[in-house]
Amino acid sequence: MDDHLYFNEQHLALREMVQAFARDEVAPIAGRHDEDQTFPWETVKGMADLGLLGVPWPEELGGAGFDTLAYTIAIHELAKVCASHSITISAHTTLGTSPIVHFGSQEQRERFVPLLATGKVIGGFGLTEPGAGSDAGGTRTVAVRKGDHYVLNGTKRFITHGGVGEVFLVTAVTDPTLGTKGISSFILTKETCDLEAARKVGIGHSDELPVMKGFRAGKKEDKLGWRASDTRELIFEDVEVPVENRLGAEGQGFVNFMQTLDAGRVGVAALSLGLAEGALGEALKYSIERKQFGQSIAHFQGVSFQLADMATEVEAGKHLVYHAAWLAQHGKPYRKEASMAKLFCSELAMRATIKAVQIHGGYGYTKDYPVERMMRDAKVCEIGEGTSEIQRIVISRQMLRDLGA
Ligand code: COS
């Protein structure tokens, strides 16, 4: 893709900065955090210092003042080296901050966004429940209004930043007779599980936020991939949430979260694209270095055709991702395009990383090369923020809607 099709000089400068950070700071530690399944506080602090935890938000709200395309570039570039770092900025920014920016009151924006955008605290989004995954409208968490507050009870599952985060946007049923129109969303606050680490690096905790009684993180998931990203349950036991922490009007929670997921899907698409491109880069490098039968394996057609297919698909993925991001940035409808980009790139990430492991042969099956981690990291891209099956539902429904059918 020609860089100037979507990017200006500012985008290209940001890309260079993120590439350097990913190469110098993230690449050396990615394998260790994957192995230990630990949140990389030091490099998350590095990302916060570079403004990467608030790329698209205005400077007056503590953000870096860039745009959606710049933010997409940051996700894409980080994922070439480490998907966990990439999902950290995506989950924190789109899922954990954007609902407040887009649907919050001025007071909520001023209170929470500067803390989130600067990385002072980490944010997350609680939609999925043990019994409500693809059927997001099947939410069982309830919020009962009692005077000036709501009382929340329920459990959320597979929540990125569930442990390390302090600010969460969660859905709960406020009127069970209204289906998805009876779902509202709320801003909840708790203390990070990693207080010591957060204090040590100087991000991830704020004394300004109340610790809501009865709100806590549950079991940490032991995952196949994205192992340096923190995924846990969130548990609500009679949590008293002030009315002023409701996000938007009662009953708006489902639609607001669906809109947030449209943007999130562009992010996961960019992450997936980064994984595929990173795997292609590794495979290309290895296939030139690796000699068998007296020559680089890159010269064997069985390998070179695989590289050609990967490169072609990566190129197609770039157009889908940056086109969807461009539509979002220009306020145009992009729900279908977001799902197309997410569907194509997540399945591409899986195909490309499997090919990269194959090209590395026996070495690809060890932790000596990053392609093994990349292959594990790719799988969840076909599942998180809407499975491939859900993306096909969203795309086909929108096609019918476009035809007025
Ligand atoms: N933007 C705005 N509004 C939306 C929307 C979107 N992207 N998607 C749905 N809505 C609206 C619909 O227009 C409908 O409103 P009306 O009744 O006024 O027309 C309402 O929300 C309910 O929508 P729908 O009937 O399509 O809901 P369904 O229960 O059929 O669910 C799917 C739709 C399956 C698409 C949705 O549940 C979904 O995306 N599931 C996957 C969830 C997911 O991605 N989870 C991963 C979370 S990881 S962070």
# chains A, B, ... in the order shown; residues from 1 in each chain; ligands from 1

call {"tool": "residues_near_ligand", "arguments": {"ligand": "ligand 1", "cutoff": "6 Å", "atoms": "only C-alpha atoms and all ligand atoms", "output": "list of chain:residue names"}}
result
A:Thr128, A:Gly133, A:Ser134, A:Asp135, A:Ala136, A:Gly137, A:Thr180, A:Val255, A:Met258, A:Gln259, A:Asp262, A:Arg335, A:Gly384, A:Glu385, A:Gly386, A:Ile390, A:Val394

call {"tool": "residues_around", "arguments": {"residues": "Gln252 of chain A", "least_positions_apart": "5", "cutoff": "12 Å", "atoms": "only C-alpha atoms", "output": "PyMOL selection string"}}
result
chain A and resi 99+103-104+171-175+178-186+246-247+257-259

call {"tool": "residues_around", "arguments": {"residues": "segment 196-212 of chain A", "least_positions_apart": "6", "cutoff": "10 Å", "atoms": "only C-alpha atoms", "output": "MDAnalysis selection string"}}
result
chainID A and resid 39:46 48:49 111:112 115:116 118:123 164:167 188:190 236 238:241

call {"tool": "write_last_selection", "arguments": {"atoms": "N, CA and C atoms", "output": "short mmCIF file (atom, residue, chain, number, x, y, z; two decimals), in the first residue's frame"}}
result
data_model
loop_
_atom_site.label_atom_id
_atom_site.label_comp_id
_atom_site.auth_asym_id
_atom_site.auth_seq_id
_atom_site.Cartn_x
_atom_site.Cartn_y
_atom_site.Cartn_z
N PHE A 39 2.09 -9.22 33.40
CA PHE A 39 1.78 -7.95 32.76
C PHE A 39 3.07 -7.12 32.68
N PRO A 40 3.41 -6.62 31.50
CA PRO A 40 4.71 -5.94 31.35
C PRO A 40 4.66 -4.48 31.80
N TRP A 41 4.62 -4.26 33.09
CA TRP A 41 4.43 -2.91 33.62
C TRP A 41 5.45 -1.91 33.09
N GLU A 42 6.73 -2.36 33.00
CA GLU A 42 7.78 -1.40 32.60
C GLU A 42 7.53 -0.85 31.20
N THR A 43 7.19 -1.76 30.27
CA THR A 43 6.99 -1.29 28.89
C THR A 43 5.63 -0.61 28.73
N VAL A 44 4.66 -0.98 29.58
CA VAL A 44 3.38 -0.26 29.54
C VAL A 44 3.63 1.19 29.99
N LYS A 45 4.51 1.33 30.98
CA LYS A 45 4.90 2.69 31.41
C LYS A 45 5.58 3.41 30.25
N GLY A 46 6.41 2.70 29.51
CA GLY A 46 7.07 3.30 28.34
C GLY A 46 6.03 3.74 27.32
N ALA A 48 2.93 4.55 27.99
CA ALA A 48 2.24 5.72 28.56
C ALA A 48 3.07 6.98 28.34
N ASP A 49 4.39 6.87 28.56
CA ASP A 49 5.27 8.04 28.39
C ASP A 49 5.25 8.55 26.95
N ARG A 111 -13.48 13.78 34.64
CA ARG A 111 -13.04 13.03 35.82
C ARG A 111 -12.18 11.82 35.47
N PHE A 112 -12.59 11.08 34.42
CA PHE A 112 -11.93 9.79 34.15
C PHE A 112 -10.93 9.81 32.99
N LEU A 115 -7.14 10.58 33.52
CA LEU A 115 -6.45 9.51 34.25
C LEU A 115 -6.13 8.34 33.31
N LEU A 116 -7.09 8.01 32.43
CA LEU A 116 -6.93 6.88 31.52
C LEU A 116 -5.96 7.21 30.37
N THR A 118 -3.55 9.20 30.12
CA THR A 118 -2.13 9.34 30.48
C THR A 118 -1.58 8.02 31.03
N GLY A 119 -2.47 7.03 31.20
CA GLY A 119 -2.01 5.74 31.73
C GLY A 119 -1.91 5.75 33.24
N LYS A 120 -2.36 6.84 33.85
CA LYS A 120 -2.32 6.89 35.33
C LYS A 120 -3.11 5.70 35.89
N VAL A 121 -4.21 5.34 35.21
CA VAL A 121 -4.92 4.10 35.54
C VAL A 121 -5.21 3.34 34.25
N ILE A 122 -5.39 2.03 34.38
CA ILE A 122 -5.69 1.19 33.22
C ILE A 122 -7.19 0.92 33.21
N GLY A 123 -7.78 0.94 31.99
CA GLY A 123 -9.23 0.75 31.87
C GLY A 123 -9.60 -0.56 31.20
N VAL A 164 -5.40 -5.87 36.48
CA VAL A 164 -4.53 -4.68 36.58
C VAL A 164 -5.30 -3.36 36.49
N GLY A 165 -6.52 -3.43 35.96
CA GLY A 165 -7.27 -2.19 35.72
C GLY A 165 -7.93 -1.61 36.96
N GLU A 166 -8.26 -0.32 36.86
CA GLU A 166 -8.97 0.35 37.98
C GLU A 166 -10.30 0.95 37.54
N VAL A 167 -10.48 1.21 36.23
CA VAL A 167 -11.75 1.80 35.75
C VAL A 167 -12.38 0.83 34.74
N LEU A 188 -17.39 1.68 36.80
CA LEU A 188 -17.06 1.12 38.12
C LEU A 188 -15.57 1.27 38.38
N THR A 189 -15.23 1.45 39.65
CA THR A 189 -13.81 1.62 39.98
C THR A 189 -13.40 0.66 41.10
N LYS A 190 -12.17 0.19 40.99
CA LYS A 190 -11.59 -0.67 42.02
C LYS A 190 -10.10 -0.42 42.07
N PHE A 236 -19.24 -8.78 40.90
CA PHE A 236 -19.99 -7.69 41.56
C PHE A 236 -20.90 -8.30 42.61
N ASP A 238 -23.35 -6.92 45.39
CA ASP A 238 -24.02 -5.76 46.03
C ASP A 238 -23.16 -4.50 45.94
N VAL A 239 -22.65 -4.24 44.74
CA VAL A 239 -21.81 -3.04 44.55
C VAL A 239 -22.72 -1.81 44.42
N GLU A 240 -22.49 -0.84 45.26
CA GLU A 240 -23.30 0.39 45.19
C GLU A 240 -22.62 1.36 44.22
N VAL A 241 -23.32 1.62 43.11
CA VAL A 241 -22.76 2.50 42.08
C VAL A 241 -23.59 3.77 42.01
#

call {"tool": "atom_distance", "arguments": {"atom1": "atom CA of Trp226 of chain A", "atom2": "atom CA of His161 of chain A"}}
result
11.8 Å

call {"tool": "closest_residue", "arguments": {"among": "A:Gly154, A:Gly51, A:Pro28, A:Gly294", "to": "Val81 of chain A", "atoms": "only C-alpha atoms"}}
result
A:Pro28

call {"tool": "select_by_dssp", "arguments": {"residues": "segment 183-300 of chain A", "states": "helix (DSSP H, G or I)", "output": "PDB file with C-alpha atoms, in the first residue's frame"}}
result
ATOM      1  CA  LEU A 195      -0.558  -2.259  43.480  1.00  0.00           C
ATOM      2  CA  GLU A 196       3.092  -2.839  44.302  1.00  0.00           C
ATOM      3  CA  ALA A 197       4.155  -3.029  40.633  1.00  0.00           C
ATOM      4  CA  ALA A 198       1.957  -0.074  39.723  1.00  0.00           C
ATOM      5  CA  ARG A 199       3.458   2.059  42.508  1.00  0.00           C
ATOM      6  CA  LYS A 200       6.966   1.021  41.487  1.00  0.00           C
ATOM      7  CA  VAL A 201       6.611   2.112  37.865  1.00  0.00           C
ATOM      8  CA  VAL A 243     -26.331   7.298  39.669  1.00  0.00           C
ATOM      9  CA  GLU A 244     -23.765   9.789  38.336  1.00  0.00           C
ATOM     10  CA  ASN A 245     -21.639   6.788  37.244  1.00  0.00           C
ATOM     11  CA  GLY A 253     -25.947   0.349  27.294  1.00  0.00           C
ATOM     12  CA  PHE A 254     -26.309  -2.333  24.621  1.00  0.00           C
ATOM     13  CA  VAL A 255     -26.265   0.003  21.627  1.00  0.00           C
ATOM     14  CA  ASN A 256     -23.367   1.994  23.096  1.00  0.00           C
ATOM     15  CA  PHE A 257     -21.370  -1.181  23.615  1.00  0.00           C
ATOM     16  CA  MET A 258     -22.164  -2.452  20.107  1.00  0.00           C
ATOM     17  CA  GLN A 259     -20.889   0.841  18.670  1.00  0.00           C
ATOM     18  CA  THR A 260     -17.784   0.537  20.836  1.00  0.00           C
ATOM     19  CA  LEU A 261     -17.235  -2.966  19.448  1.00  0.00           C
ATOM     20  CA  ASP A 262     -17.411  -1.642  15.872  1.00  0.00           C
ATOM     21  CA  ALA A 263     -14.362   0.469  16.692  1.00  0.00           C
ATOM     22  CA  GLY A 264     -12.787  -2.359  18.696  1.00  0.00           C
ATOM     23  CA  ARG A 265     -13.035  -4.628  15.676  1.00  0.00           C
ATOM     24  CA  VAL A 266     -10.934  -2.240  13.580  1.00  0.00           C
ATOM     25  CA  GLY A 267      -8.389  -2.431  16.391  1.00  0.00           C
ATOM     26  CA  VAL A 268      -8.348  -6.248  16.486  1.00  0.00           C
ATOM     27  CA  ALA A 269      -8.122  -6.228  12.690  1.00  0.00           C
ATOM     28  CA  ALA A 270      -5.040  -3.977  12.907  1.00  0.00           C
ATOM     29  CA  LEU A 271      -3.567  -6.210  15.600  1.00  0.00           C
ATOM     30  CA  SER A 272      -4.181  -9.317  13.472  1.00  0.00           C
ATOM     31  CA  LEU A 273      -2.639  -7.612  10.467  1.00  0.00           C
ATOM     32  CA  GLY A 274       0.422  -6.778  12.557  1.00  0.00           C
ATOM     33  CA  LEU A 275       0.730 -10.399  13.648  1.00  0.00           C
ATOM     34  CA  ALA A 276       0.483 -11.625  10.053  1.00  0.00           C
ATOM     35  CA  GLU A 277       3.010  -9.064   8.845  1.00  0.00           C
ATOM     36  CA  GLY A 278       5.352  -9.778  11.749  1.00  0.00           C
ATOM     37  CA  ALA A 279       5.173 -13.511  10.980  1.00  0.00           C
ATOM     38  CA  LEU A 280       5.828 -12.813   7.298  1.00  0.00           C
ATOM     39  CA  GLY A 281       8.900 -10.739   8.225  1.00  0.00           C
ATOM     40  CA  GLU A 282      10.255 -13.523  10.433  1.00  0.00           C
ATOM     41  CA  ALA A 283       9.566 -16.181   7.776  1.00  0.00           C
ATOM     42  CA  LEU A 284      11.248 -14.132   5.074  1.00  0.00           C
ATOM     43  CA  LYS A 285      14.336 -13.520   7.217  1.00  0.00           C
ATOM     44  CA  TYR A 286      14.609 -17.167   8.233  1.00  0.00           C
ATOM     45  CA  SER A 287      14.052 -18.503   4.735  1.00  0.00           C
ATOM     46  CA  ILE A 288      16.975 -16.423   3.446  1.00  0.00           C
ATOM     47  CA  GLU A 289      19.286 -17.470   6.308  1.00  0.00           C
ATOM     48  CA  ILE A 297      15.166 -22.292   1.372  1.00  0.00           C
ATOM     49  CA  ALA A 298      13.611 -19.030   0.068  1.00  0.00           C
ATOM     50  CA  HIS A 299      14.672 -20.207  -3.396  1.00  0.00           C
TER      51      HIS A 299
END
